[in-house]
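Here is input08.txt, consisting of compact mmCIF, C-alpha atoms and all ligand atoms:
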# COMPACT_ATOMS: atom_id res chain seq x y z
CA MET A 1 26.19 44.36 -63.39
CA MET A 2 25.36 40.69 -62.73
CA ARG A 3 25.20 38.87 -59.41
CA PHE A 4 25.10 35.21 -58.55
CA TRP A 5 24.78 33.39 -55.27
CA LEU A 6 26.94 30.65 -53.91
CA ARG A 7 25.68 28.66 -50.94
CA LEU A 8 28.42 27.89 -48.45
CA ASP A 9 26.93 26.09 -45.47
CA SER A 10 24.45 28.61 -44.17
CA ILE A 11 26.31 31.54 -45.62
CA SER A 12 25.43 33.30 -48.82
CA LEU A 13 28.28 34.97 -50.60
CA THR A 14 27.48 37.49 -53.22
CA LEU A 15 30.16 37.49 -55.83
CA LEU A 16 29.95 40.71 -57.70
CA LEU A 17 30.77 40.39 -61.35
CA CYS A 18 31.39 43.80 -62.76
CA GLY A 19 31.09 44.93 -66.33
CA ALA A 20 34.85 44.98 -66.83
CA GLY A 21 35.30 41.96 -64.51
CA CYS A 22 36.42 42.62 -60.99
CA PHE A 23 38.33 39.37 -60.68
CA ASN A 24 41.96 38.92 -61.40
CA SER A 25 42.43 36.21 -64.06
CA ALA A 26 42.39 33.14 -61.82
CA PRO A 27 41.12 33.83 -58.30
CA LYS A 28 42.81 31.45 -55.90
CA ALA A 29 40.76 30.06 -53.05
CA PRO A 30 42.10 31.50 -49.80
CA PRO A 31 43.21 28.99 -47.20
CA VAL A 32 40.03 28.84 -45.15
CA GLY A 33 41.58 26.91 -42.29
CA GLU A 34 40.84 26.40 -38.66
CA LYS A 35 41.81 30.00 -37.82
CA TYR A 36 38.99 31.47 -39.86
CA THR A 37 36.11 30.01 -37.93
CA GLU A 38 32.60 31.06 -37.06
CA GLN A 39 33.80 31.42 -33.48
CA ALA A 40 36.52 33.88 -34.53
CA ALA A 41 33.96 35.86 -36.51
CA MET A 42 31.50 35.92 -33.62
CA GLY A 43 34.21 37.22 -31.26
CA MET A 44 35.04 40.11 -33.60
CA ILE A 45 31.36 40.86 -34.27
CA LYS A 46 30.80 41.06 -30.52
CA ALA A 47 33.76 43.45 -30.09
CA SER A 48 32.57 45.60 -33.00
CA ARG A 49 29.17 45.95 -31.37
CA GLY A 50 30.62 46.41 -27.88
CA PRO A 51 33.85 48.16 -26.90
CA LEU A 52 34.91 49.00 -30.48
CA ALA A 53 31.52 50.36 -31.58
CA PRO A 54 32.47 54.07 -31.14
CA VAL A 55 35.51 53.69 -33.44
CA TYR A 56 33.84 53.27 -36.81
CA ALA A 57 31.73 56.41 -37.34
CA PRO A 58 34.60 58.85 -36.63
CA LEU A 59 36.98 56.74 -38.74
CA GLY A 60 34.50 56.70 -41.64
CA GLU A 61 34.04 60.45 -41.29
CA TYR A 62 37.80 61.01 -41.20
CA ILE A 63 38.51 58.86 -44.28
CA VAL A 64 35.77 60.50 -46.33
CA SER A 65 36.82 64.05 -45.46
CA THR A 66 40.59 63.45 -45.69
CA PHE A 67 40.42 61.78 -49.09
CA GLU A 68 37.47 63.83 -50.36
CA MET A 69 35.40 60.74 -51.12
CA GLY A 70 31.97 62.29 -50.53
CA GLU A 71 31.01 62.73 -54.18
CA LYS A 72 33.20 60.02 -55.67
CA GLU A 73 31.64 57.09 -57.53
CA GLY A 74 33.16 53.69 -58.19
CA VAL A 75 34.34 50.88 -55.94
CA GLY A 76 35.85 50.88 -52.48
CA ILE A 77 37.35 47.82 -50.81
CA ASP A 78 37.72 47.27 -47.08
CA LEU A 79 40.35 44.56 -46.76
CA GLY A 80 39.88 42.36 -43.70
CA SER A 81 36.62 44.16 -43.05
CA GLY A 82 35.24 41.40 -40.82
CA PRO A 83 31.88 42.59 -39.43
CA GLY A 84 31.98 45.39 -42.03
CA THR A 85 31.01 48.13 -39.60
CA LEU A 86 33.48 50.58 -41.15
CA ILE A 87 32.04 49.86 -44.61
CA LEU A 88 28.54 50.79 -43.48
CA GLU A 89 29.82 54.12 -42.16
CA LEU A 90 31.68 54.72 -45.45
CA CYS A 91 28.64 53.69 -47.45
CA GLU A 92 26.46 56.24 -45.70
CA ARG A 93 28.95 59.02 -46.48
CA THR A 94 29.89 58.17 -50.09
CA ARG A 95 28.35 57.06 -53.39
CA LEU A 96 30.80 54.21 -53.81
CA HIS A 97 29.94 50.53 -53.96
CA TRP A 98 31.82 48.90 -51.07
CA ILE A 99 33.28 45.39 -50.97
CA ASN A 100 33.90 43.53 -47.75
CA ALA A 101 36.97 41.45 -48.74
CA ASP A 102 37.86 39.08 -45.93
CA ILE A 103 39.51 35.69 -45.55
CA ASN A 104 36.83 34.55 -43.09
CA PRO A 105 33.46 33.99 -44.82
CA HIS A 106 31.68 33.58 -41.50
CA PHE A 107 31.30 37.36 -41.28
CA PHE A 108 29.34 37.74 -44.47
CA ALA A 109 25.79 36.75 -43.45
CA HIS A 110 26.00 39.09 -40.46
CA PHE A 111 27.36 41.87 -42.67
CA TYR A 112 24.50 41.56 -45.19
CA ARG A 113 21.91 41.56 -42.42
CA GLU A 114 23.35 44.77 -40.97
CA ALA A 115 23.61 46.36 -44.43
CA GLN A 116 19.95 45.49 -45.17
CA ARG A 117 18.86 46.80 -41.78
CA ARG A 118 20.53 50.16 -42.56
CA GLY A 119 19.08 50.28 -46.07
CA LEU A 120 22.50 49.75 -47.68
CA GLY A 121 22.16 46.16 -48.93
CA HIS A 122 22.25 47.23 -52.59
CA ARG A 123 25.51 49.18 -52.08
CA VAL A 124 27.69 46.37 -50.75
CA SER A 125 29.19 43.02 -51.74
CA THR A 126 31.38 40.41 -50.15
CA VAL A 127 34.36 38.63 -51.63
CA LEU A 128 36.31 35.84 -49.98
CA ALA A 129 39.83 37.19 -50.27
CA ASP A 130 43.32 36.66 -48.96
CA ALA A 131 45.22 39.95 -48.79
CA GLN A 132 48.26 38.16 -50.20
CA ALA A 133 46.50 37.11 -53.42
CA LEU A 134 43.65 39.51 -54.05
CA PRO A 135 40.95 38.21 -56.42
CA PHE A 136 40.57 41.54 -58.20
CA ARG A 137 41.90 42.68 -61.53
CA ASP A 138 44.60 45.36 -61.85
CA ASN A 139 43.49 49.01 -61.54
CA TYR A 140 40.08 48.10 -60.12
CA ALA A 141 39.47 50.04 -56.92
CA ASP A 142 38.98 53.76 -56.30
CA ILE A 143 40.06 53.38 -52.66
CA ILE A 144 41.25 50.52 -50.45
CA VAL A 145 41.01 50.82 -46.68
CA SER A 146 41.84 48.38 -43.95
CA ARG A 147 41.62 48.63 -40.19
CA GLY A 148 43.06 46.18 -37.69
CA SER A 149 43.97 43.52 -40.22
CA PHE A 150 47.47 44.04 -41.69
CA HIS A 151 49.27 42.66 -38.64
CA PHE A 152 47.62 39.27 -39.41
CA TRP A 153 48.95 39.13 -42.96
CA LYS A 154 51.84 36.65 -43.11
CA ASP A 155 53.57 38.12 -46.14
CA LYS A 156 52.87 41.80 -45.67
CA GLU A 157 55.01 42.97 -48.56
CA LYS A 158 53.09 40.69 -50.92
CA ALA A 159 49.78 41.96 -49.53
CA PHE A 160 50.77 45.61 -49.96
CA ALA A 161 51.97 44.85 -53.49
CA GLU A 162 48.54 43.37 -54.15
CA ILE A 163 46.83 46.47 -52.79
CA TYR A 164 48.99 48.63 -55.06
CA ARG A 165 48.20 46.45 -58.06
CA VAL A 166 44.43 46.59 -57.46
CA LEU A 167 44.28 50.37 -56.94
CA LYS A 168 43.38 52.51 -59.93
CA PRO A 169 46.10 55.00 -60.92
CA GLY A 170 45.70 58.00 -58.62
CA ALA A 171 43.61 56.01 -56.09
CA VAL A 172 44.50 55.93 -52.42
CA ALA A 173 45.11 53.20 -49.84
CA TYR A 174 44.72 53.87 -46.12
CA ILE A 175 45.84 50.83 -44.17
CA GLY A 176 46.46 50.57 -40.46
CA ARG A 177 45.23 49.81 -37.01
CA GLY A 178 43.74 51.80 -34.20
CA PHE A 179 41.72 54.96 -34.28
CA SER A 180 41.24 58.23 -36.16
CA PRO A 181 42.32 61.56 -34.64
CA ASN A 182 38.71 62.74 -34.35
CA LEU A 183 37.83 59.99 -31.84
CA ALA A 184 37.30 61.62 -28.45
CA VAL A 185 40.28 61.00 -26.16
CA GLU A 186 38.09 59.77 -23.30
CA THR A 187 36.47 57.25 -25.62
CA ALA A 188 39.83 56.05 -26.96
CA ARG A 189 41.19 55.69 -23.43
CA LYS A 190 38.13 53.70 -22.37
CA ILE A 191 38.40 51.35 -25.36
CA ARG A 192 42.08 50.69 -24.63
CA SER A 193 41.35 49.90 -21.01
CA GLN A 194 38.42 47.63 -21.89
CA ARG A 195 40.42 45.72 -24.53
CA GLY A 196 43.49 45.50 -22.25
CA GLY A 197 46.52 43.48 -23.35
CA ARG A 198 44.79 42.22 -26.48
CA MET A 199 45.39 45.55 -28.18
CA LYS A 200 48.90 46.27 -26.88
CA TYR A 201 51.61 46.66 -29.51
CA ASP A 202 54.64 48.78 -30.18
CA VAL A 203 53.55 51.65 -32.45
CA ASP A 204 57.17 52.61 -33.28
CA LYS A 205 57.87 49.05 -34.44
CA SER A 206 54.68 48.95 -36.50
CA ALA A 207 55.55 52.29 -38.12
CA ASP A 208 59.06 51.02 -38.92
CA GLU A 209 57.60 47.85 -40.37
CA LEU A 210 55.30 49.88 -42.64
CA ARG A 211 58.23 52.07 -43.74
CA GLY A 212 60.22 48.90 -44.53
CA ILE A 213 57.36 47.55 -46.64
CA MET A 214 57.09 50.83 -48.58
CA LYS A 215 60.84 50.77 -49.17
CA GLY A 216 60.74 47.12 -50.28
CA LEU A 217 58.01 47.97 -52.79
CA ARG A 218 59.81 51.12 -53.94
CA ILE A 219 56.81 53.25 -53.05
CA ALA A 220 58.67 56.49 -52.42
CA GLU A 221 55.70 58.69 -51.63
CA TYR A 222 53.72 57.63 -48.63
CA THR A 223 52.68 59.06 -45.29
CA ILE A 224 52.77 57.32 -41.94
CA HIS A 225 49.97 58.64 -39.75
CA ARG A 226 50.24 58.38 -35.99
CA PRO A 227 47.13 60.15 -34.73
CA LYS A 228 47.76 61.99 -31.48
CA PRO A 229 45.05 64.50 -30.59
CA ALA A 230 45.63 66.94 -27.72
CA GLY A 231 45.50 65.20 -24.36
CA ALA A 232 46.13 61.74 -25.81
CA ASP A 233 49.76 61.33 -24.76
CA ASP A 234 48.89 58.26 -22.70
CA VAL A 235 46.61 56.68 -25.33
CA ASN A 236 47.65 54.54 -28.28
CA TYR A 237 45.76 55.82 -31.34
CA GLY A 238 47.54 53.36 -33.62
CA VAL A 239 49.39 53.69 -36.88
CA TRP A 240 48.33 53.99 -40.51
CA VAL A 241 50.00 54.27 -43.89
CA GLU A 242 48.58 56.30 -46.77
CA PHE A 243 49.85 55.86 -50.31
CA HIS A 244 48.56 56.72 -53.76
CA LYS A 245 49.08 54.69 -56.91
CA LYS A 246 51.12 56.55 -59.54
C1 LIG B 1 40.72 42.35 -35.84
S1 LIG B 1 39.69 41.98 -37.22
C2 LIG B 1 39.30 43.62 -37.82
C3 LIG B 1 38.00 43.65 -38.54
C4 LIG B 1 37.57 45.02 -39.06
N1 LIG B 1 38.51 45.57 -39.99
C5 LIG B 1 37.30 45.97 -37.94
O1 LIG B 1 38.09 46.92 -37.73
O2 LIG B 1 36.30 45.80 -37.27
C6 LIG B 1 40.86 41.37 -38.42
C7 LIG B 1 40.20 40.95 -39.73
O3 LIG B 1 41.21 40.64 -40.70
C8 LIG B 1 40.81 39.47 -41.40
N2 LIG B 1 42.01 38.85 -41.99
C9 LIG B 1 43.05 38.25 -41.33
N3 LIG B 1 43.96 37.81 -42.21
C10 LIG B 1 43.51 38.14 -43.45
C11 LIG B 1 44.03 37.97 -44.77
N4 LIG B 1 45.18 37.33 -44.99
N5 LIG B 1 43.31 38.42 -45.81
C12 LIG B 1 42.12 39.05 -45.60
N6 LIG B 1 41.58 39.26 -44.37
C13 LIG B 1 42.27 38.81 -43.31
C14 LIG B 1 40.13 38.62 -40.33
O4 LIG B 1 39.34 37.60 -40.86
C15 LIG B 1 39.34 39.70 -39.59
O5 LIG B 1 38.11 39.94 -40.18
What's the structure tokens form of this structure?
Amino acid sequence: MMRFWLRLDSISLTLLLCGAGCFNSAPKAPPVGEKYTEQAAMGMIKASRGPLAPVYAPLGEYIVSTFEMGEKEGVGIDLGSGPGTLILELCERTRLHWINADINPHFFAHFYREAQRRGLGHRVSTVLADAQALPFRDNYADIIVSRGSFHFWKDKEKAFAEIYRVLKPGAVAYIGRGFSPNLAVETARKIRSQRGGRMKYDVDKSADELRGIMKGLRIAEYTIHRPKPAGADDVNYGVWVEFHKK
């Protein structure tokens, strides 16, 4: 495995070149425009350390146990990982190498610092990536996860097609927004009240949208997850789609 460093302002991006080549033939530069700023990254980093902090450990735990990833080796991708907090939880519970693939490079220096601090620096990489044109070769990843990002993707069907392309046959994608069912209801309720209107959305509509995307891509076997633990009738736990590559 060979690494090289690219200086981008004050940010170091590690581009991981894998034996078989992780990149798709011609990686296109994502449109790093005014939306993907340092300020946007700092806002999300702050939220991930503040109100959203309790979300990531239970979600990591849930993903690893649900998809039996504990002993699996290979590569995992968190698409739109931002601060990468979920990756660090997944890293601690698996043997996989995890890639923070995000369209905003301003997260990456922070992510590496946190990974180093937790002794996980050698288990992670970052790749500047637009979900709609993933810079990975076909059949590359053993799992792709994404939390709180898909609703930003302009062409969602294209992005989900890319996820499908990049998954290894038999590998799973778990893409969505919100929480896992093992997050304590009190905690979920508190997060929703702290985040207020910013996190309000129609879960039924989102679920329908995900179903439409699956239909458009002719992915017949998929599961929509709408976590709803006991006592959480008044709390939005979000919506997720799980699908496996044939
Ligand atoms: C609300 S944040 C969620 C971050 C992280 N997944 C979490 O749960 O803490 C949304 C993330 O999606 C990323 N994003 C938005 N559009 C994207 C795209 N087209 N391709 C890749 N990442 C994207 C943003 O840069 C940001 O990091």
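The residue that comes closest to ligand LIG 1 (chain B), out of A:Val64, A:Ala57, A:Ala40, A:Ile103 and on the basis of all atoms listed in the file, is A:Ile103.
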Could you report the residues within 8 Å of ligand LIG 1 (chain B), using only C-alpha atoms and all ligand atoms, as a PyMOL selection string? chain A and resi 36+40-41+44-45+47-48+52+56+78-86+101-105+107+128-132+146-150+152-154+159+177
Select, from A:Ser206, A:Gln116, A:Thr66, A:Asn236, the residue with the minimum atom-to-atom distance to Gly176 of chain A, counting only C-alpha atoms. A:Ser206
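With all atoms listed in the file as the atoms that count, the minimum distance from His110 of chain A to the choices A:Arg123, A:Lys205, A:Lys72, A:Lys46 is reached by A:Lys46.
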Around the point (30.0, 63.3, -48.3) (coordinates from the file), which residues reach within 10 Å if we count only C-alpha atoms? Answer as a list in words. Glu61, Val64, Ser65, Glu68, Met69, Gly70, Glu71, Lys72, Leu90, Cys91, Glu92, Arg93, Thr94 and Arg95 of chain A
Could you write those residues out with C-alpha atoms, as a PDB file, in the frame of the given file?
ATOM      1  CA  GLU A  61      34.040  60.450 -41.290  1.00  0.00           C
ATOM      2  CA  VAL A  64      35.770  60.500 -46.330  1.00  0.00           C
ATOM      3  CA  SER A  65      36.820  64.050 -45.460  1.00  0.00           C
ATOM      4  CA  GLU A  68      37.470  63.830 -50.360  1.00  0.00           C
ATOM      5  CA  MET A  69      35.400  60.740 -51.120  1.00  0.00           C
ATOM      6  CA  GLY A  70      31.970  62.290 -50.530  1.00  0.00           C
ATOM      7  CA  GLU A  71      31.010  62.730 -54.180  1.00  0.00           C
ATOM      8  CA  LYS A  72      33.200  60.020 -55.670  1.00  0.00           C
ATOM      9  CA  LEU A  90      31.680  54.720 -45.450  1.00  0.00           C
ATOM     10  CA  CYS A  91      28.640  53.690 -47.450  1.00  0.00           C
ATOM     11  CA  GLU A  92      26.460  56.240 -45.700  1.00  0.00           C
ATOM     12  CA  ARG A  93      28.950  59.020 -46.480  1.00  0.00           C
ATOM     13  CA  THR A  94      29.890  58.170 -50.090  1.00  0.00           C
ATOM     14  CA  ARG A  95      28.350  57.060 -53.390  1.00  0.00           C
TER      15      ARG A  95
END
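Picture a line from atom CA of Arg195 of chain A to atom CA of Ser125 of chain A; it runs 29.6 Å.
Using only C-alpha atoms, the smallest distance between any of A:Glu89, A:Glu114, A:Asp234, A:Asp138 and Glu162 of chain A comes from A:Asp138.
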Using all atoms listed in the file, which protein or nucleic acid residues come within 8 Å of Asp142 of chain A? Drop anything in the same chain fewer than 6 positions from it, and give the result as a ChimeraX atom specification. /A:74-76,167-168,171-172
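With all atoms listed in the file as the atoms that count, the residue of A:Ile163, A:Val235, A:Ala109, A:Leu120 with the shortest distance to Leu96 of chain A is A:Leu120.
The interatomic distance for the pair atom CA of Pro181 of chain A and atom CA of Ile224 of chain A works out to 13.4 Å.
Between Gly119 of chain A and the residues A:Phe160, A:Asn100, A:Thr223, A:Leu88, the shortest atom-to-atom distance, using only C-alpha atoms, involves A:Leu88.
Between atom CA of Gln194 of chain A and atom CA of Ile87 of chain A the interatomic distance comes to 23.7 Å.
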What are the centre and edge lengths in Å, to one decimal, of the axis-aligned box around all listed atoms of segment 198-213 of chain A with 5 Å added on each side, as AutoDock Vina command-line options?
--center_x 52.5 --center_y 47.4 --center_z -36.6 --size_x 25.4 --size_y 20.4 --size_z 30.2
